[in-house]
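Dropping my_file.txt in here (compact mmCIF, C-alpha atoms and all ligand atoms):
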```txt
# COMPACT_ATOMS: atom_id res chain seq x y z
CA MET A 1267 4.99 -5.19 23.40
CA MET A 1268 7.38 -3.75 25.95
CA LEU A 1269 10.88 -2.78 24.97
CA PHE A 1270 13.55 -1.79 27.43
CA MET A 1271 16.47 0.06 25.92
CA ASN A 1272 19.49 -0.35 28.14
CA SER A 1273 21.60 2.77 28.45
CA THR A 1274 24.62 1.11 26.80
CA ALA A 1275 22.77 0.20 23.56
CA PRO A 1276 23.91 2.25 20.55
CA PHE A 1277 22.11 5.58 20.33
CA ALA A 1278 22.41 7.90 17.34
CA VAL A 1279 21.60 11.51 16.60
CA TYR A 1280 20.68 12.49 13.03
CA VAL A 1281 20.89 16.19 12.10
CA HIS A 1282 19.23 17.15 8.80
CA TRP A 1283 20.57 20.25 7.01
CA PRO A 1284 18.09 20.88 4.18
CA PHE A 1285 19.93 23.36 1.94
CA CYS A 1286 21.79 22.81 -1.35
CA LEU A 1287 23.44 25.08 -3.90
CA SER A 1288 21.24 23.60 -6.64
CA LYS A 1289 18.68 20.83 -6.89
CA CYS A 1290 19.86 17.70 -8.71
CA PRO A 1291 17.18 16.47 -11.16
CA TYR A 1292 17.08 12.91 -9.71
CA CYS A 1293 16.90 13.86 -6.03
CA ASP A 1294 13.74 13.74 -3.92
CA PHE A 1295 15.42 14.29 -0.57
CA ASN A 1296 14.19 17.16 1.60
CA SER A 1297 16.62 19.66 0.08
CA HIS A 1298 16.02 23.25 -0.95
CA VAL A 1299 17.85 26.06 -2.71
CA ARG A 1300 17.74 29.52 -1.13
CA HIS A 1301 19.30 32.01 -3.53
CA GLY A 1302 18.91 34.82 -1.03
CA GLY A 1303 20.85 32.92 1.64
CA ILE A 1304 19.61 31.93 5.08
CA ASP A 1305 20.04 33.22 8.61
CA GLU A 1306 22.35 30.40 9.69
CA ALA A 1307 22.75 31.59 13.28
CA ARG A 1308 18.96 31.59 13.70
CA PHE A 1309 18.72 28.06 12.29
CA VAL A 1310 21.48 26.87 14.61
CA ARG A 1311 19.58 28.24 17.63
CA ALA A 1312 16.55 26.26 16.45
CA TYR A 1313 18.63 23.06 16.17
CA GLU A 1314 19.85 23.66 19.72
CA ASN A 1315 16.28 23.99 20.95
CA GLU A 1316 15.15 20.86 19.14
CA ILE A 1317 18.11 18.89 20.51
CA ALA A 1318 17.09 20.03 24.01
CA ALA A 1319 13.54 18.78 23.33
CA ALA A 1320 14.80 15.42 22.02
CA GLY A 1321 17.19 15.16 24.99
CA ALA A 1322 14.27 15.58 27.39
CA ARG A 1323 12.34 12.79 25.60
CA ALA A 1324 15.26 10.33 25.53
CA SER A 1325 17.34 11.19 28.56
CA GLY A 1326 20.07 9.06 30.09
CA ARG A 1327 21.39 7.71 26.78
CA THR A 1328 25.00 7.66 25.56
CA VAL A 1329 25.42 8.93 22.00
CA SER A 1330 27.47 6.50 19.90
CA SER A 1331 27.12 8.28 16.54
CA ILE A 1332 26.07 11.62 15.09
CA PHE A 1333 25.33 12.13 11.39
CA PHE A 1334 24.94 15.46 9.58
CA GLY A 1335 22.92 14.59 6.47
CA GLY A 1336 21.11 16.57 3.87
CA GLY A 1337 20.76 18.47 1.75
CA THR A 1338 24.33 19.61 1.87
CA PRO A 1339 25.71 19.95 5.40
CA SER A 1340 29.15 20.83 3.99
CA LEU A 1341 27.60 24.25 3.23
CA MET A 1342 27.38 24.86 7.00
CA GLN A 1343 29.96 26.97 8.75
CA PRO A 1344 32.25 24.80 10.89
CA SER A 1345 31.26 27.00 13.86
CA SER A 1346 27.61 25.92 13.34
CA VAL A 1347 28.63 22.25 13.33
CA GLN A 1348 30.63 22.91 16.49
CA ALA A 1349 27.66 24.58 18.21
CA ILE A 1350 25.38 21.65 17.37
CA LEU A 1351 27.92 19.09 18.60
CA ASP A 1352 28.42 21.07 21.82
CA CYS A 1353 24.66 21.09 22.30
CA VAL A 1354 24.42 17.30 21.80
CA ALA A 1355 27.11 16.90 24.48
CA LYS A 1356 25.12 19.17 26.82
CA HIS A 1357 22.02 16.98 26.67
CA TRP A 1358 23.46 13.45 26.47
CA ALA A 1359 26.62 11.64 27.47
CA VAL A 1360 28.81 11.10 24.40
CA ALA A 1361 30.85 7.91 23.95
CA PRO A 1362 34.62 8.54 23.84
CA ASP A 1363 34.80 6.77 20.45
CA VAL A 1364 31.72 8.52 19.00
CA GLU A 1365 31.49 8.42 15.19
CA VAL A 1366 30.67 11.87 13.79
CA THR A 1367 29.92 11.84 10.05
CA LEU A 1368 29.18 14.81 7.80
CA GLU A 1369 27.87 14.49 4.22
CA ALA A 1370 29.83 16.69 1.86
CA ASN A 1371 29.49 17.65 -1.77
CA PRO A 1372 32.89 17.33 -3.47
CA THR A 1373 33.42 20.87 -4.73
CA SER A 1374 36.62 22.75 -4.03
CA VAL A 1375 34.76 25.36 -1.95
CA GLU A 1376 33.49 22.76 0.44
CA ALA A 1377 36.81 20.93 0.68
CA THR A 1378 38.36 24.13 2.08
CA ARG A 1379 36.11 23.73 5.14
CA PHE A 1380 37.16 20.15 5.92
CA ARG A 1381 39.84 21.19 8.40
CA GLY A 1382 37.31 23.34 10.24
CA PHE A 1383 34.85 20.43 10.37
CA ARG A 1384 37.53 18.19 11.86
CA ALA A 1385 38.41 20.83 14.47
CA ALA A 1386 34.69 20.98 15.33
CA GLY A 1387 34.65 17.23 16.07
CA VAL A 1388 33.70 15.59 12.76
CA ASN A 1389 35.78 12.41 12.32
CA ARG A 1390 34.29 10.93 9.13
CA VAL A 1391 33.06 12.46 5.87
CA SER A 1392 30.79 10.96 3.26
CA LEU A 1393 31.33 12.53 -0.15
CA GLY A 1394 28.72 12.60 -2.92
CA VAL A 1395 31.05 11.81 -5.80
CA GLN A 1396 28.22 10.15 -7.84
CA SER A 1397 30.34 9.40 -10.93
CA LEU A 1398 33.91 9.58 -12.18
CA GLU A 1399 32.74 10.53 -15.70
CA ASP A 1400 32.28 14.22 -16.50
CA LYS A 1401 29.54 13.54 -19.03
CA ALA A 1402 27.52 11.58 -16.47
CA LEU A 1403 28.06 14.25 -13.82
CA LYS A 1404 26.66 16.86 -16.19
CA GLU A 1405 23.63 14.67 -16.93
CA LEU A 1406 23.10 14.23 -13.20
CA GLY A 1407 23.12 18.02 -12.82
CA ARG A 1408 26.16 17.99 -10.55
CA LEU A 1409 28.16 21.17 -9.92
CA HIS A 1410 31.55 19.41 -9.82
CA THR A 1411 33.77 17.60 -12.31
CA ALA A 1412 35.28 14.16 -11.76
CA GLN A 1413 38.68 15.75 -11.13
CA GLU A 1414 37.23 18.12 -8.55
CA ALA A 1415 35.58 15.16 -6.82
CA LEU A 1416 38.86 13.24 -6.78
CA ASP A 1417 40.63 16.31 -5.39
CA ALA A 1418 38.02 16.51 -2.62
CA VAL A 1419 38.56 12.82 -1.86
CA ALA A 1420 42.31 13.51 -1.59
CA VAL A 1421 41.69 16.41 0.82
CA ALA A 1422 39.35 14.19 2.86
CA ARG A 1423 42.00 11.46 2.96
CA SER A 1424 44.61 13.90 4.27
CA ILE A 1425 42.35 15.20 7.05
CA PHE A 1426 40.04 12.39 8.18
CA ALA A 1427 41.00 8.91 9.31
CA ARG A 1428 37.68 7.69 7.90
CA TYR A 1429 35.88 8.71 4.72
CA SER A 1430 33.34 7.23 2.38
CA PHE A 1431 31.90 8.23 -0.96
CA ASP A 1432 28.72 7.64 -2.92
CA LEU A 1433 28.38 6.62 -6.55
CA ILE A 1434 25.19 6.27 -8.58
CA TYR A 1435 25.10 3.49 -11.16
CA ALA A 1436 22.53 1.93 -13.53
CA ARG A 1437 22.54 5.36 -15.16
CA PRO A 1438 21.15 6.14 -18.63
CA GLN A 1439 23.09 4.29 -21.36
CA GLN A 1440 25.55 2.77 -18.89
CA THR A 1441 27.12 -0.47 -20.10
CA LEU A 1442 28.56 -3.27 -18.00
CA GLU A 1443 32.06 -2.59 -19.36
CA ALA A 1444 31.92 1.15 -18.63
CA TRP A 1445 30.64 0.56 -15.09
CA ALA A 1446 33.29 -2.08 -14.37
CA ALA A 1447 36.02 0.34 -15.40
CA GLU A 1448 34.54 3.22 -13.40
CA LEU A 1449 34.04 1.07 -10.32
CA LYS A 1450 37.62 -0.19 -10.41
CA ARG A 1451 38.89 3.39 -10.60
CA ALA A 1452 36.66 4.26 -7.64
CA ILE A 1453 37.94 1.32 -5.62
CA ALA A 1454 41.47 2.63 -6.07
CA GLU A 1455 40.31 5.84 -4.35
CA ALA A 1456 38.19 4.23 -1.65
CA ALA A 1457 39.76 3.57 1.71
CA GLU A 1458 37.39 1.55 3.84
CA HIS A 1459 33.81 2.29 2.81
CA PHE A 1460 31.60 3.33 -0.07
CA SER A 1461 27.94 3.44 -1.02
CA LEU A 1462 26.82 2.33 -4.48
CA TYR A 1463 23.24 3.28 -5.33
CA GLN A 1464 21.32 2.19 -8.40
CA LEU A 1465 19.64 5.25 -9.92
CA THR A 1466 15.97 5.32 -8.98
CA ILE A 1467 13.46 7.49 -10.80
CA GLU A 1468 11.57 9.31 -8.04
CA PRO A 1469 8.11 10.86 -8.48
CA ASP A 1470 8.01 14.67 -8.67
CA THR A 1471 11.58 15.02 -9.90
CA PRO A 1472 12.64 16.34 -13.33
CA PHE A 1473 14.03 12.85 -14.13
CA PHE A 1474 10.56 11.41 -13.55
CA GLY A 1475 9.04 13.75 -16.15
CA LEU A 1476 11.81 13.04 -18.66
CA HIS A 1477 11.50 9.30 -18.09
CA LYS A 1478 7.74 9.41 -18.55
CA ALA A 1479 8.14 11.38 -21.77
CA GLY A 1480 10.56 8.74 -23.09
CA LYS A 1481 13.50 11.17 -23.02
CA LEU A 1482 15.50 9.35 -20.38
CA SER A 1483 16.01 5.62 -20.57
CA VAL A 1484 17.53 3.69 -17.70
CA PRO A 1485 18.78 0.08 -17.78
CA ASP A 1486 15.98 -2.49 -17.91
CA GLU A 1487 15.51 -5.01 -15.09
CA ASP A 1488 17.90 -7.57 -16.61
CA LEU A 1489 20.72 -5.13 -17.18
CA ALA A 1490 20.18 -3.58 -13.72
CA ARG A 1491 20.46 -7.08 -12.25
CA ASP A 1492 23.66 -7.77 -14.21
CA LEU A 1493 25.11 -4.42 -13.08
CA TYR A 1494 24.28 -5.34 -9.47
CA ASP A 1495 25.87 -8.79 -9.76
CA LEU A 1496 28.98 -7.38 -11.39
CA THR A 1497 29.25 -4.79 -8.61
CA GLN A 1498 29.19 -7.54 -5.97
CA VAL A 1499 31.92 -9.56 -7.69
CA ILE A 1500 34.25 -6.60 -8.22
CA CYS A 1501 33.81 -5.20 -4.69
CA THR A 1502 34.17 -8.58 -2.98
CA ASP A 1503 37.36 -9.29 -4.94
CA ALA A 1504 38.69 -5.92 -3.81
CA GLY A 1505 38.04 -6.70 -0.12
CA LEU A 1506 35.03 -4.34 0.08
CA PRO A 1507 32.05 -6.71 0.25
CA ALA A 1508 28.52 -5.43 0.72
CA TYR A 1509 27.37 -5.42 4.34
CA GLU A 1510 24.04 -3.84 3.29
CA VAL A 1511 22.19 -3.71 -0.04
CA SER A 1512 24.06 -0.60 -1.24
CA ASN A 1513 26.89 -0.26 1.27
CA HIS A 1514 30.35 -1.77 1.11
CA ALA A 1515 33.12 -1.77 3.68
CA ARG A 1516 36.27 -3.46 4.74
CA PRO A 1517 35.31 -5.67 7.70
CA GLY A 1518 35.11 -3.48 10.81
CA ALA A 1519 34.76 -0.22 8.84
CA GLU A 1520 30.97 -0.27 8.48
CA CYS A 1521 29.13 3.03 9.08
CA ARG A 1522 28.13 2.68 12.73
CA HIS A 1523 25.46 5.33 12.38
CA ASN A 1524 23.55 3.58 9.62
CA LEU A 1525 23.88 0.27 11.47
CA VAL A 1526 21.79 1.88 14.24
CA TYR A 1527 18.90 2.23 11.75
CA TRP A 1528 19.29 -1.21 10.22
CA ARG A 1529 19.70 -2.99 13.55
CA GLY A 1530 16.63 -1.30 14.97
CA HIS A 1531 18.27 0.77 17.71
CA ASP A 1532 17.15 4.22 18.86
CA TYR A 1533 17.97 7.51 17.16
CA ALA A 1534 16.89 11.10 17.61
CA GLY A 1535 16.20 12.99 14.37
CA VAL A 1536 16.51 16.77 14.44
CA GLY A 1537 16.14 19.44 11.76
CA PRO A 1538 13.48 19.88 9.04
CA GLY A 1539 11.89 16.60 7.94
CA ALA A 1540 14.07 14.42 10.19
CA HIS A 1541 12.70 11.11 11.43
CA GLY A 1542 13.53 9.50 14.75
CA ARG A 1543 12.83 6.32 16.70
CA LEU A 1544 12.94 6.56 20.48
CA THR A 1545 12.06 4.10 23.19
CA ILE A 1546 9.94 6.03 25.67
CA ASP A 1547 8.44 4.32 28.73
CA GLY A 1548 9.22 0.95 27.14
CA ARG A 1549 7.42 1.71 23.86
CA ARG A 1550 9.00 2.42 20.48
CA VAL A 1551 7.93 5.87 19.32
CA ALA A 1552 8.25 7.26 15.78
CA THR A 1553 8.98 10.98 15.54
CA ALA A 1554 9.03 13.30 12.54
CA THR A 1555 9.42 17.03 12.17
CA GLU A 1556 7.95 19.68 9.88
CA ARG A 1557 9.61 19.33 6.45
CA ARG A 1558 9.62 22.90 5.13
CA PRO A 1559 12.72 24.64 6.50
CA GLU A 1560 11.22 28.04 7.30
CA ALA A 1561 8.00 26.53 8.67
CA TRP A 1562 10.14 24.21 10.82
CA LEU A 1563 12.16 27.20 12.06
CA MET A 1564 9.02 29.10 13.07
CA ARG A 1565 7.51 26.05 14.70
CA VAL A 1566 10.63 25.50 16.81
CA GLU A 1567 10.70 29.18 17.78
CA ASP A 1568 7.03 29.01 18.70
CA LYS A 1569 6.76 25.59 20.36
CA GLY A 1570 10.33 24.61 21.27
CA SER A 1571 10.56 21.82 18.67
CA GLY A 1572 9.46 21.08 15.11
CA PHE A 1573 7.99 17.67 15.96
CA THR A 1574 4.76 17.06 14.06
CA VAL A 1575 4.58 13.30 14.63
CA GLU A 1576 5.02 11.38 17.86
CA GLU A 1577 3.37 8.07 17.39
CA LYS A 1578 3.62 4.93 19.51
CA LEU A 1579 4.21 2.01 17.16
CA THR A 1580 2.08 -1.11 17.57
CA SER A 1581 3.92 -4.40 18.13
CA GLY A 1582 3.22 -5.40 14.49
CA GLU A 1583 4.59 -2.11 13.16
CA ALA A 1584 7.74 -2.30 15.29
CA ALA A 1585 8.34 -5.92 14.24
CA ASP A 1586 7.76 -5.21 10.52
CA GLU A 1587 10.14 -2.28 10.71
CA TYR A 1588 12.79 -4.53 12.26
CA LEU A 1589 12.29 -6.98 9.38
CA LEU A 1590 12.35 -4.28 6.70
CA MET A 1591 15.52 -2.66 8.00
CA GLY A 1592 17.33 -5.75 9.29
CA LEU A 1593 16.98 -7.82 6.13
CA ARG A 1594 18.87 -5.09 4.23
CA LEU A 1595 21.93 -6.25 6.15
CA VAL A 1596 24.04 -9.20 5.05
CA GLU A 1597 24.04 -10.31 8.73
CA GLY A 1598 20.22 -10.51 8.57
CA ILE A 1599 17.89 -10.55 11.58
CA ASP A 1600 17.48 -12.42 14.83
CA PRO A 1601 14.16 -14.33 14.56
CA ALA A 1602 13.85 -14.38 18.38
CA ARG A 1603 13.95 -10.58 18.49
CA TYR A 1604 11.28 -10.47 15.77
CA SER A 1605 9.10 -12.81 17.84
CA ALA A 1606 9.61 -10.70 20.99
CA LEU A 1607 8.55 -7.56 19.11
CA ALA A 1608 5.66 -9.09 17.16
CA GLY A 1609 4.32 -11.41 19.82
CA ARG A 1610 4.37 -14.18 17.21
CA SER A 1611 7.01 -16.07 15.24
CA LEU A 1612 7.80 -15.74 11.56
CA ASP A 1613 5.81 -18.26 9.53
CA PRO A 1614 8.09 -21.36 9.11
CA LYS A 1615 6.20 -22.39 5.94
CA ARG A 1616 6.92 -19.10 4.22
CA ILE A 1617 10.56 -19.25 5.30
CA SER A 1618 10.97 -22.74 3.86
CA ILE A 1619 9.40 -21.71 0.52
CA LEU A 1620 11.73 -18.70 0.30
CA ARG A 1621 14.63 -20.96 1.30
CA GLU A 1622 13.81 -23.43 -1.46
CA GLU A 1623 13.68 -20.55 -3.92
CA GLY A 1624 17.20 -19.58 -2.79
CA ALA A 1625 16.07 -16.15 -1.57
CA VAL A 1626 16.83 -16.58 2.17
CA GLU A 1627 19.02 -18.76 4.37
CA THR A 1628 19.47 -19.46 8.06
CA THR A 1629 22.98 -19.00 9.42
CA LYS A 1630 24.74 -21.36 11.84
CA ASP A 1631 23.90 -19.05 14.75
CA GLY A 1632 20.21 -19.07 13.81
CA ARG A 1633 19.92 -15.68 12.07
CA LEU A 1634 17.71 -15.32 9.02
CA ARG A 1635 19.24 -13.51 6.08
CA VAL A 1636 18.64 -12.76 2.43
CA THR A 1637 21.05 -14.44 0.01
CA ARG A 1638 22.95 -12.57 -2.67
CA ASN A 1639 20.44 -13.91 -5.21
CA GLY A 1640 17.59 -12.74 -3.01
CA PHE A 1641 18.83 -9.15 -2.56
CA PRO A 1642 17.48 -7.82 -5.87
CA LEU A 1643 14.08 -9.21 -4.75
CA LEU A 1644 14.34 -7.82 -1.22
CA ASP A 1645 11.04 -5.89 -1.24
CA ALA A 1646 9.11 -8.99 -2.28
CA VAL A 1647 10.87 -11.15 0.34
CA VAL A 1648 10.07 -8.66 3.13
CA ALA A 1649 6.45 -8.34 1.97
CA ASP A 1650 6.11 -12.11 1.97
CA LEU A 1651 7.51 -12.57 5.48
CA ALA A 1652 5.70 -9.58 6.99
CA ALA A 1653 2.26 -10.44 5.61
C1 LIG A 1701 20.76 13.06 0.12
S1 LIG A 1701 22.17 12.81 -0.80
C2 LIG A 1701 23.23 13.84 0.14
C3 LIG A 1701 24.62 13.96 -0.36
C4 LIG A 1701 25.06 15.25 -0.97
N1 LIG A 1701 24.08 16.26 -0.92
C5 LIG A 1701 25.43 15.03 -2.42
O1 LIG A 1701 24.54 15.06 -3.24
O2 LIG A 1701 26.61 14.87 -2.66
C6 LIG A 1701 22.69 11.17 -0.39
C7 LIG A 1701 22.96 10.27 -1.56
O3 LIG A 1701 21.77 9.72 -2.07
C8 LIG A 1701 22.02 9.28 -3.38
N2 LIG A 1701 20.80 9.55 -4.19
C9 LIG A 1701 19.98 10.60 -4.11
N3 LIG A 1701 18.95 10.46 -5.00
C10 LIG A 1701 19.14 9.28 -5.65
C11 LIG A 1701 18.44 8.57 -6.68
N4 LIG A 1701 17.31 9.04 -7.23
N5 LIG A 1701 18.92 7.36 -7.08
C12 LIG A 1701 20.05 6.86 -6.52
N6 LIG A 1701 20.76 7.49 -5.57
C13 LIG A 1701 20.32 8.68 -5.12
C14 LIG A 1701 23.24 10.02 -3.89
O4 LIG A 1701 24.27 9.11 -4.15
C15 LIG A 1701 23.60 10.93 -2.75
O5 LIG A 1701 24.97 11.05 -2.57
S1 LIG A 1702 21.70 14.89 -4.41
FE1 LIG A 1702 22.62 16.06 -2.74
S2 LIG A 1702 23.20 18.06 -3.67
FE2 LIG A 1702 21.77 17.09 -5.07
S3 LIG A 1702 19.80 17.99 -4.46
FE3 LIG A 1702 20.01 15.99 -3.42
S4 LIG A 1702 20.82 16.50 -1.45
FE4 LIG A 1702 21.17 18.31 -2.77
```
Represent the supplied structure as structure tokens.
Ligand SMILES: C[S@@+](CC[C@H](N)C(=O)[O-])C[C@H]1O[C@@H](n2cnc3c(N)ncnc32)[C@H](O)[C@@H]1O
Ligand code: SF4
Amino acid sequence: MMLFMNSTAPFAVYVHWPFCLSKCPYCDFNSHVRHGGIDEARFVRAYENEIAAAGARASGRTVSSIFFGGGTPSLMQPSSVQAILDCVAKHWAVAPDVEVTLEANPTSVEATRFRGFRAAGVNRVSLGVQSLEDKALKELGRLHTAQEALDAVAVARSIFARYSFDLIYARPQQTLEAWAAELKRAIAEAAEHFSLYQLTIEPDTPFFGLHKAGKLSVPDEDLARDLYDLTQVICTDAGLPAYEVSNHARPGAECRHNLVYWRGHDYAGVGPGAHGRLTIDGRRVATATERRPEAWLMRVEDKGSGFTVEEKLTSGEAADEYLLMGLRLVEGIDPARYSALAGRSLDPKRISILREEGAVETTKDGRLRVTRNGFPLLDAVVADLAA
């Protein structure tokens, strides 16, 4: 398999900021609480060094999107965000219409920094609203109320041309009626984009222990399916259809950064536990960095980067990844690109069985995509096609 990334293809930079004020009991992201504070300037120097290392590996690219994810990047000083963006611009060309997103927790403290983030170059925020019900927010261990979240959305609206927010549904005891009402209130606050995630119970989280002990019950498969279907109907009616399993946007307002992942383009991942995919000498290479923040910091200071994985993907791995990511999108995948990556075509017999079952369809322009009915079974569909 040889891949040649042309220099005009989208290229993204992901910056992981791994610190939070408290750990939410459902979350298994690489996020940590440091009650004693951190030496932010020292961390920023390490990000700059790792960006330089990534820049050397993937030179000559034009950055089309940058995403500060976490953890809670809205806890960063705007001057730190500025320094990191300046460093990105030092090592790569940056597209004039670059999308720069920062994930923010919707507390009043963080909203006061929004103007500083915009001055630093951020042009889109993604707010972790999670719920518009105070009782649910408490159960989710959130540090903000629904009103505080709405106030943060209003501040975001006044400062950024583009904003998005996240909600978690299929929560304990959630009914269809309650979710419909909450979703409609959220839609009234959403401008162009939001992400709606079904609650998943992740191993090694407090929710996992509670669930195992029978102290936390989440909707069963049937109710989860009904909640998903209802979500699709309400959002489509409101002009915010899904363009990915959990992401909704007005046409043209999709998150360009996440599209880079789902469409199988290149991205550099910097910061503790960040993953990247780079085309180097015509081969797709997976990168990953040390996860533990302080160990990452010391590794960067010692070796110039925190990379612990740099692995050339085989043609089968690269093709399966394209399938796995691309079928999350409503636009689906290009079977010819799959064949070029895999060195073989998708099995037509398997496609026709899945088509008869109503799980996939082929579009007029020859793309293969999962149907709305197939989306709740996505993992099984991908496993079937990849096998
Ligand atoms: C890594 S978080 C970062 C956002 C920010 N720290 C916050 O919490 O507001 C990204 C999003 O993942 C979602 N998420 C995290 N854990 C989840 C889980 N177990 N089930 C469903 N969604 C989850 C939440 O909606 C969250 O906003
Ligand atoms: S959901 Fe967000 S705030 Fe909560 S622990 Fe995870 S990353 Fe931190």
Which chains and residue numbers are within 6 Å of ligand LIG 1702 (chain A), counting all atoms listed in the file, if I want them as a ChimeraX atom specification? /A:1286,1289-1290,1293,1295,1297,1336-1338
Could the residues that lie within 7 Å of ligand LIG 1701 (chain A), counting only C-alpha atoms and all ligand atoms, be listed as a compact mmCIF listing (two decimals) with C-alpha atoms, in the frame of the given file?
```
# COMPACT_ATOMS: atom_id res chain seq x y z
CA CYS A 1286 21.79 22.81 -1.35
CA TYR A 1292 17.08 12.91 -9.71
CA CYS A 1293 16.90 13.86 -6.03
CA ASP A 1294 13.74 13.74 -3.92
CA PHE A 1295 15.42 14.29 -0.57
CA GLY A 1335 22.92 14.59 6.47
CA GLY A 1336 21.11 16.57 3.87
CA GLY A 1337 20.76 18.47 1.75
CA THR A 1338 24.33 19.61 1.87
CA GLU A 1369 27.87 14.49 4.22
CA ALA A 1370 29.83 16.69 1.86
CA ASN A 1371 29.49 17.65 -1.77
CA PRO A 1372 32.89 17.33 -3.47
CA LEU A 1393 31.33 12.53 -0.15
CA GLY A 1394 28.72 12.60 -2.92
CA VAL A 1395 31.05 11.81 -5.80
CA GLN A 1396 28.22 10.15 -7.84
CA ASP A 1432 28.72 7.64 -2.92
CA LEU A 1433 28.38 6.62 -6.55
CA ILE A 1434 25.19 6.27 -8.58
CA TYR A 1463 23.24 3.28 -5.33
CA GLN A 1464 21.32 2.19 -8.40
CA LEU A 1465 19.64 5.25 -9.92
CA THR A 1466 15.97 5.32 -8.98
CA ILE A 1467 13.46 7.49 -10.80
CA GLU A 1468 11.57 9.31 -8.04
```
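Near Val1375 in chain A, within a cut-off of 12 Å and counting only C-alpha atoms, sit the residues A:Leu1287, A:Ser1340, A:Leu1341, A:Met1342, A:Gln1343, A:Ala1370, A:Asn1371, A:Arg1379, A:Phe1380, A:Leu1409, A:His1410, A:Glu1414, A:Ala1415, A:Asp1417, A:Ala1418, A:Val1421, with same-chain residues fewer than 4 positions away left out.
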Exercise: Ser1325 in chain A partners within 8 Å, all atoms listed in the file, chain neighbours under 4 positions left out, as a PyMOL selection string: chain A and resi 1321+1357-1358
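Among the candidates A:Ala1420, A:Val1329, A:Ala1361, A:Val1347, the residue lying nearest to Phe1383 in chain A is A:Val1347 (atoms considered: only C-alpha atoms).
Residues lying within 10 Å of Gly1632 in chain A, counting all atoms listed in the file and ignoring same-chain neighbours fewer than 6 positions away, are Ile1599, Asp1600, Pro1601 and Ala1602 of chain A.
Minimum atom-to-atom distance to Thr1367 in chain A, evaluated using all atoms listed in the file, belongs to A:Ala1427 out of A:Ala1349, A:Ala1312, A:Ala1427, A:Ala1649.
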